[in-house]
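S.K.: Contents of data.cif (mmCIF, N, CA and C atoms) are given next:
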```
data_input
#
loop_
_atom_site.group_PDB
_atom_site.id
_atom_site.type_symbol
_atom_site.label_atom_id
_atom_site.label_comp_id
_atom_site.auth_asym_id
_atom_site.auth_seq_id
_atom_site.Cartn_x
_atom_site.Cartn_y
_atom_site.Cartn_z
ATOM 1 N N MET E 720 -5.766 26.572 -12.440
ATOM 2 C CA MET E 720 -5.141 25.268 -12.417
ATOM 3 C C MET E 720 -5.747 24.423 -13.528
ATOM 4 N N ILE E 721 -4.928 23.608 -14.108
ATOM 5 C CA ILE E 721 -5.369 22.774 -15.224
ATOM 6 C C ILE E 721 -5.545 21.339 -14.737
ATOM 7 N N PHE E 722 -6.564 20.664 -15.253
ATOM 8 C CA PHE E 722 -6.839 19.252 -14.982
ATOM 9 C C PHE E 722 -7.183 18.976 -13.523
ATOM 10 N N ASN E 723 -7.865 19.877 -12.861
ATOM 11 C CA ASN E 723 -8.357 19.633 -11.512
ATOM 12 C C ASN E 723 -9.837 19.314 -11.585
ATOM 13 N N ARG E 724 -10.266 18.414 -10.716
ATOM 14 C CA ARG E 724 -11.675 18.031 -10.668
ATOM 15 C C ARG E 724 -12.191 18.253 -9.263
ATOM 16 N N LEU E 725 -13.508 18.415 -9.179
ATOM 17 C CA LEU E 725 -14.106 18.722 -7.892
ATOM 18 C C LEU E 725 -15.548 18.252 -7.904
ATOM 19 N N PHE E 726 -15.979 17.643 -6.801
ATOM 20 C CA PHE E 726 -17.382 17.308 -6.611
ATOM 21 C C PHE E 726 -17.985 18.324 -5.664
ATOM 22 N N LEU E 727 -19.168 18.793 -5.993
ATOM 23 C CA LEU E 727 -19.854 19.759 -5.154
ATOM 24 C C LEU E 727 -21.262 19.285 -4.860
ATOM 25 N N LYS E 728 -21.736 19.596 -3.663
ATOM 26 C CA LYS E 728 -23.148 19.401 -3.365
ATOM 27 C C LYS E 728 -23.905 20.514 -4.058
ATOM 28 N N VAL E 729 -24.941 20.147 -4.765
ATOM 29 C CA VAL E 729 -25.703 21.154 -5.503
ATOM 30 C C VAL E 729 -26.795 21.716 -4.594
ATOM 31 N N ASN E 730 -26.682 22.982 -4.340
ATOM 32 C CA ASN E 730 -27.726 23.705 -3.621
ATOM 33 C C ASN E 730 -27.829 25.096 -4.244
ATOM 34 N N LYS E 731 -28.675 25.915 -3.701
ATOM 35 C CA LYS E 731 -28.905 27.232 -4.296
ATOM 36 C C LYS E 731 -27.636 28.085 -4.322
ATOM 37 N N ALA E 732 -26.851 28.036 -3.245
ATOM 38 C CA ALA E 732 -25.632 28.851 -3.166
ATOM 39 C C ALA E 732 -24.591 28.404 -4.199
ATOM 40 N N THR E 733 -24.380 27.095 -4.340
ATOM 41 C CA THR E 733 -23.376 26.633 -5.301
ATOM 42 C C THR E 733 -23.822 26.903 -6.738
ATOM 43 N N LEU E 734 -25.116 26.772 -7.008
ATOM 44 C CA LEU E 734 -25.597 27.094 -8.356
ATOM 45 C C LEU E 734 -25.391 28.567 -8.668
ATOM 46 N N ASN E 735 -25.626 29.422 -7.703
ATOM 47 C CA ASN E 735 -25.421 30.851 -7.895
ATOM 48 C C ASN E 735 -23.945 31.155 -8.174
ATOM 49 N N MET E 736 -23.055 30.546 -7.387
ATOM 50 C CA MET E 736 -21.620 30.764 -7.613
ATOM 51 C C MET E 736 -21.187 30.214 -8.967
ATOM 52 N N PHE E 737 -21.730 29.056 -9.335
ATOM 53 C CA PHE E 737 -21.356 28.463 -10.616
ATOM 54 C C PHE E 737 -21.770 29.358 -11.781
ATOM 55 N N HIS E 738 -22.939 29.952 -11.701
ATOM 56 C CA HIS E 738 -23.389 30.839 -12.775
ATOM 57 C C HIS E 738 -22.481 32.059 -12.897
ATOM 58 N N ARG E 739 -21.914 32.501 -11.794
ATOM 59 C CA ARG E 739 -21.014 33.666 -11.848
ATOM 60 C C ARG E 739 -19.665 33.332 -12.483
ATOM 61 N N VAL E 740 -19.154 32.124 -12.243
ATOM 62 C CA VAL E 740 -17.827 31.773 -12.768
ATOM 63 C C VAL E 740 -17.898 30.965 -14.057
ATOM 64 N N GLU E 741 -19.093 30.667 -14.525
ATOM 65 C CA GLU E 741 -19.256 29.812 -15.701
ATOM 66 C C GLU E 741 -18.461 30.266 -16.921
ATOM 67 N N PRO E 742 -18.344 31.560 -17.215
ATOM 68 C CA PRO E 742 -17.554 31.966 -18.378
ATOM 69 C C PRO E 742 -16.066 31.632 -18.258
ATOM 70 N N TYR E 743 -15.590 31.398 -17.036
ATOM 71 C CA TYR E 743 -14.168 31.158 -16.813
ATOM 72 C C TYR E 743 -13.836 29.688 -16.560
ATOM 73 N N VAL E 744 -14.848 28.822 -16.545
ATOM 74 C CA VAL E 744 -14.659 27.419 -16.189
ATOM 75 C C VAL E 744 -15.066 26.537 -17.360
ATOM 76 N N THR E 745 -14.263 25.538 -17.625
ATOM 77 C CA THR E 745 -14.593 24.559 -18.651
ATOM 78 C C THR E 745 -14.905 23.250 -17.961
ATOM 79 N N TYR E 746 -15.956 22.601 -18.359
ATOM 80 C CA TYR E 746 -16.290 21.313 -17.766
ATOM 81 C C TYR E 746 -16.758 20.367 -18.855
ATOM 82 N N MET E 747 -16.547 19.104 -18.612
ATOM 83 C CA MET E 747 -16.862 18.071 -19.586
ATOM 84 C C MET E 747 -18.128 17.343 -19.148
ATOM 85 N N GLY E 748 -19.279 17.893 -19.433
ATOM 86 C CA GLY E 748 -20.529 17.235 -19.108
ATOM 87 C C GLY E 748 -20.841 17.281 -17.628
ATOM 88 N N MET E 749 -21.972 16.782 -17.273
ATOM 89 C CA MET E 749 -22.412 16.822 -15.888
ATOM 90 C C MET E 749 -22.160 15.509 -15.161
ATOM 91 N N TYR E 750 -21.918 14.425 -15.869
ATOM 92 C CA TYR E 750 -21.783 13.124 -15.232
ATOM 93 C C TYR E 750 -20.378 12.579 -15.435
ATOM 94 N N PRO E 751 -19.610 12.401 -14.364
ATOM 95 C CA PRO E 751 -18.240 11.878 -14.505
ATOM 96 C C PRO E 751 -18.257 10.373 -14.784
ATOM 97 N N ASN E 752 -17.229 9.898 -15.465
ATOM 98 C CA ASN E 752 -17.136 8.464 -15.697
ATOM 99 C C ASN E 752 -16.382 7.804 -14.539
ATOM 100 N N LEU E 753 -16.354 6.484 -14.525
ATOM 101 C CA LEU E 753 -15.761 5.740 -13.419
ATOM 102 C C LEU E 753 -14.274 6.042 -13.262
ATOM 103 N N LYS E 754 -13.558 6.172 -14.359
ATOM 104 C CA LYS E 754 -12.122 6.442 -14.283
ATOM 105 C C LYS E 754 -11.849 7.799 -13.625
ATOM 106 N N SER E 755 -12.631 8.815 -13.980
ATOM 107 C CA SER E 755 -12.441 10.139 -13.383
ATOM 108 C C SER E 755 -12.717 10.120 -11.888
ATOM 109 N N VAL E 756 -13.769 9.419 -11.483
ATOM 110 C CA VAL E 756 -14.106 9.336 -10.061
ATOM 111 C C VAL E 756 -13.012 8.596 -9.307
ATOM 112 N N ARG E 757 -12.554 7.481 -9.848
ATOM 113 C CA ARG E 757 -11.506 6.698 -9.191
ATOM 114 C C ARG E 757 -10.219 7.517 -9.070
ATOM 115 N N ASP E 758 -9.827 8.203 -10.137
ATOM 116 C CA ASP E 758 -8.617 9.027 -10.096
ATOM 117 C C ASP E 758 -8.729 10.137 -9.049
ATOM 118 N N LEU E 759 -9.884 10.771 -8.974
ATOM 119 C CA LEU E 759 -10.070 11.850 -8.010
ATOM 120 C C LEU E 759 -10.029 11.341 -6.578
ATOM 121 N N ILE E 760 -10.674 10.211 -6.321
ATOM 122 C CA ILE E 760 -10.677 9.662 -4.962
ATOM 123 C C ILE E 760 -9.283 9.217 -4.560
ATOM 124 N N TYR E 761 -8.569 8.553 -5.450
ATOM 125 C CA TYR E 761 -7.225 8.098 -5.099
ATOM 126 C C TYR E 761 -6.246 9.255 -4.968
ATOM 127 N N LYS E 762 -6.504 10.365 -5.673
ATOM 128 C CA LYS E 762 -5.611 11.515 -5.585
ATOM 129 C C LYS E 762 -5.887 12.355 -4.339
ATOM 130 N N ARG E 763 -7.161 12.588 -4.019
ATOM 131 C CA ARG E 763 -7.530 13.520 -2.947
ATOM 132 C C ARG E 763 -8.265 12.878 -1.783
ATOM 133 N N GLY E 764 -8.616 11.595 -1.899
ATOM 134 C CA GLY E 764 -9.465 10.972 -0.893
ATOM 135 C C GLY E 764 -8.720 10.537 0.356
ATOM 136 N N TYR E 765 -9.335 10.742 1.484
ATOM 137 C CA TYR E 765 -8.790 10.321 2.775
ATOM 138 C C TYR E 765 -9.894 9.631 3.561
ATOM 139 N N GLY E 766 -9.494 8.708 4.404
ATOM 140 C CA GLY E 766 -10.433 8.041 5.287
ATOM 141 C C GLY E 766 -9.859 7.994 6.687
ATOM 142 N N LYS E 767 -10.704 7.697 7.650
ATOM 143 C CA LYS E 767 -10.239 7.588 9.022
ATOM 144 C C LYS E 767 -10.108 6.113 9.356
ATOM 145 N N LEU E 768 -8.903 5.693 9.688
ATOM 146 C CA LEU E 768 -8.620 4.312 10.019
ATOM 147 C C LEU E 768 -7.828 4.295 11.321
ATOM 148 N N TYR E 769 -8.389 3.671 12.337
ATOM 149 C CA TYR E 769 -7.759 3.635 13.671
ATOM 150 C C TYR E 769 -7.487 5.038 14.196
ATOM 151 N N LYS E 770 -8.474 5.923 14.009
ATOM 152 C CA LYS E 770 -8.434 7.305 14.485
ATOM 153 C C LYS E 770 -7.320 8.139 13.851
ATOM 154 N N GLN E 771 -6.833 7.706 12.683
ATOM 155 C CA GLN E 771 -5.824 8.468 11.957
ATOM 156 C C GLN E 771 -6.302 8.697 10.532
ATOM 157 N N ARG E 772 -5.953 9.847 10.003
ATOM 158 C CA ARG E 772 -6.302 10.186 8.624
ATOM 159 C C ARG E 772 -5.358 9.431 7.697
ATOM 160 N N THR E 773 -5.931 8.620 6.810
ATOM 161 C CA THR E 773 -5.144 7.777 5.914
ATOM 162 C C THR E 773 -5.540 8.053 4.473
ATOM 163 N N ALA E 774 -4.559 8.235 3.611
ATOM 164 C CA ALA E 774 -4.837 8.446 2.191
ATOM 165 C C ALA E 774 -5.394 7.168 1.581
ATOM 166 N N LEU E 775 -6.387 7.322 0.724
ATOM 167 C CA LEU E 775 -6.966 6.173 0.045
ATOM 168 C C LEU E 775 -6.130 5.873 -1.196
ATOM 169 N N THR E 776 -5.344 4.817 -1.125
ATOM 170 C CA THR E 776 -4.509 4.447 -2.264
ATOM 171 C C THR E 776 -5.075 3.270 -3.027
ATOM 172 N N ASP E 777 -5.865 2.446 -2.359
ATOM 173 C CA ASP E 777 -6.566 1.362 -3.037
ATOM 174 C C ASP E 777 -7.759 0.938 -2.196
ATOM 175 N N ASN E 778 -8.544 0.025 -2.716
ATOM 176 C CA ASN E 778 -9.800 -0.356 -2.090
ATOM 177 C C ASN E 778 -9.588 -1.154 -0.807
ATOM 178 N N SER E 779 -8.425 -1.745 -0.621
ATOM 179 C CA SER E 779 -8.205 -2.575 0.572
ATOM 180 C C SER E 779 -8.241 -1.748 1.852
ATOM 181 N N ILE E 780 -7.911 -0.470 1.790
ATOM 182 C CA ILE E 780 -7.952 0.393 2.976
ATOM 183 C C ILE E 780 -9.398 0.539 3.464
ATOM 184 N N VAL E 781 -10.338 0.590 2.552
ATOM 185 C CA VAL E 781 -11.741 0.706 2.926
ATOM 186 C C VAL E 781 -12.280 -0.634 3.403
ATOM 187 N N GLU E 782 -11.797 -1.726 2.832
ATOM 188 C CA GLU E 782 -12.303 -3.048 3.171
ATOM 189 C C GLU E 782 -11.779 -3.570 4.508
ATOM 190 N N GLN E 783 -10.637 -3.116 4.987
ATOM 191 C CA GLN E 783 -10.021 -3.635 6.225
ATOM 192 C C GLN E 783 -10.938 -3.543 7.444
ATOM 193 N N PRO E 784 -11.492 -2.372 7.755
ATOM 194 C CA PRO E 784 -12.307 -2.291 8.973
ATOM 195 C C PRO E 784 -13.636 -3.031 8.880
ATOM 196 N N ILE E 785 -14.087 -3.340 7.685
ATOM 197 C CA ILE E 785 -15.399 -3.985 7.520
ATOM 198 C C ILE E 785 -15.361 -5.415 7.854
#
```
Please render this file's structure as structure tokens.
M.R.:
Amino acid sequence: MIFNRLFLKVNKATLNMFHRVEPYVTYMGMYPNLKSVRDLIYKRGYGKLYKQRTALTDNSIVEQPI
């Protein structure tokens, strides 16, 4: 797949898997910028609001319960 992003928890198992697939994966540095993080969260992010899974489309969904 092209133009997909993913955040992973770094531990021994994920580092081992990453070393195995590294020749087949292209990545742009180790630190994402704010735009990439925002795009990824709005594209794939979900939160629980009133016991229902709700897609995060903007910041107001997170601010409502607070």
S.K.: Rounded to one decimal in Å, what is the spacing between CA of Asn730 (chain E) and atom C of Tyr743 (chain E)?
M.R.: 19.9 Å
S.K.: Running the PyMOL selection byres (((chain E and resi 763 and name CA) around 10) and name CA) on this model by hand, what would come out? Give it as a PyMOL selection string.
M.R.: chain E and resi 724-725+758-762+764-765+774-776
S.K.: In Å, how far is it from atom C of Asp777 (chain E) to atom N of Leu753 (chain E)?
M.R.: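 The value is 16.0 Å.
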S.K.: Just to confirm, what's the straight-line distance from atom N of Asn752 (chain E) to atom N of Val740 (chain E) in Å (one decimal)?
M.R.: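 Computing the Euclidean distance for atom N of Asn752 (chain E) and atom N of Val740 (chain E) yields 22.5 Å.
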S.K.: Any chance you could work out the axis-aligned box around region 731-739 of chain E, listed atoms only, 3 Å on each side, giving centre and edge lengths in Å to one decimal, as lines of an AutoDock Vina configuration file?
M.R.:
```
center_x = -24.3
center_y = 29.8
center_z = -8.0
size_x = 15.2
size_y = 13.8
size_z = 15.7
```
S.K.: Taking into account only C-alpha atoms, which residue in the set E:Leu768, E:Phe737, E:Pro742, E:Leu727 is nearest to Val781 (chain E)?
M.R.: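 Of E:Leu768, E:Phe737, E:Pro742, E:Leu727, the one nearest Val781 (chain E) is E:Leu768, counting only C-alpha atoms.
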S.K.: Which residues in region 732-765 of chain E does DSSP call alpha helix (DSSP H)? List them as a PyMOL selection string.
M.R.: chain E and resi 732-740+753-763
S.K.: Calculated over all atoms listed in the file, which of the candidates E:Phe726, E:Met736, E:Ile780, E:Glu741 has the smallest distance to Gly766 (chain E)?
M.R.: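 Among the listed residues, the smallest separation from Gly766 (chain E) belongs to E:Ile780.
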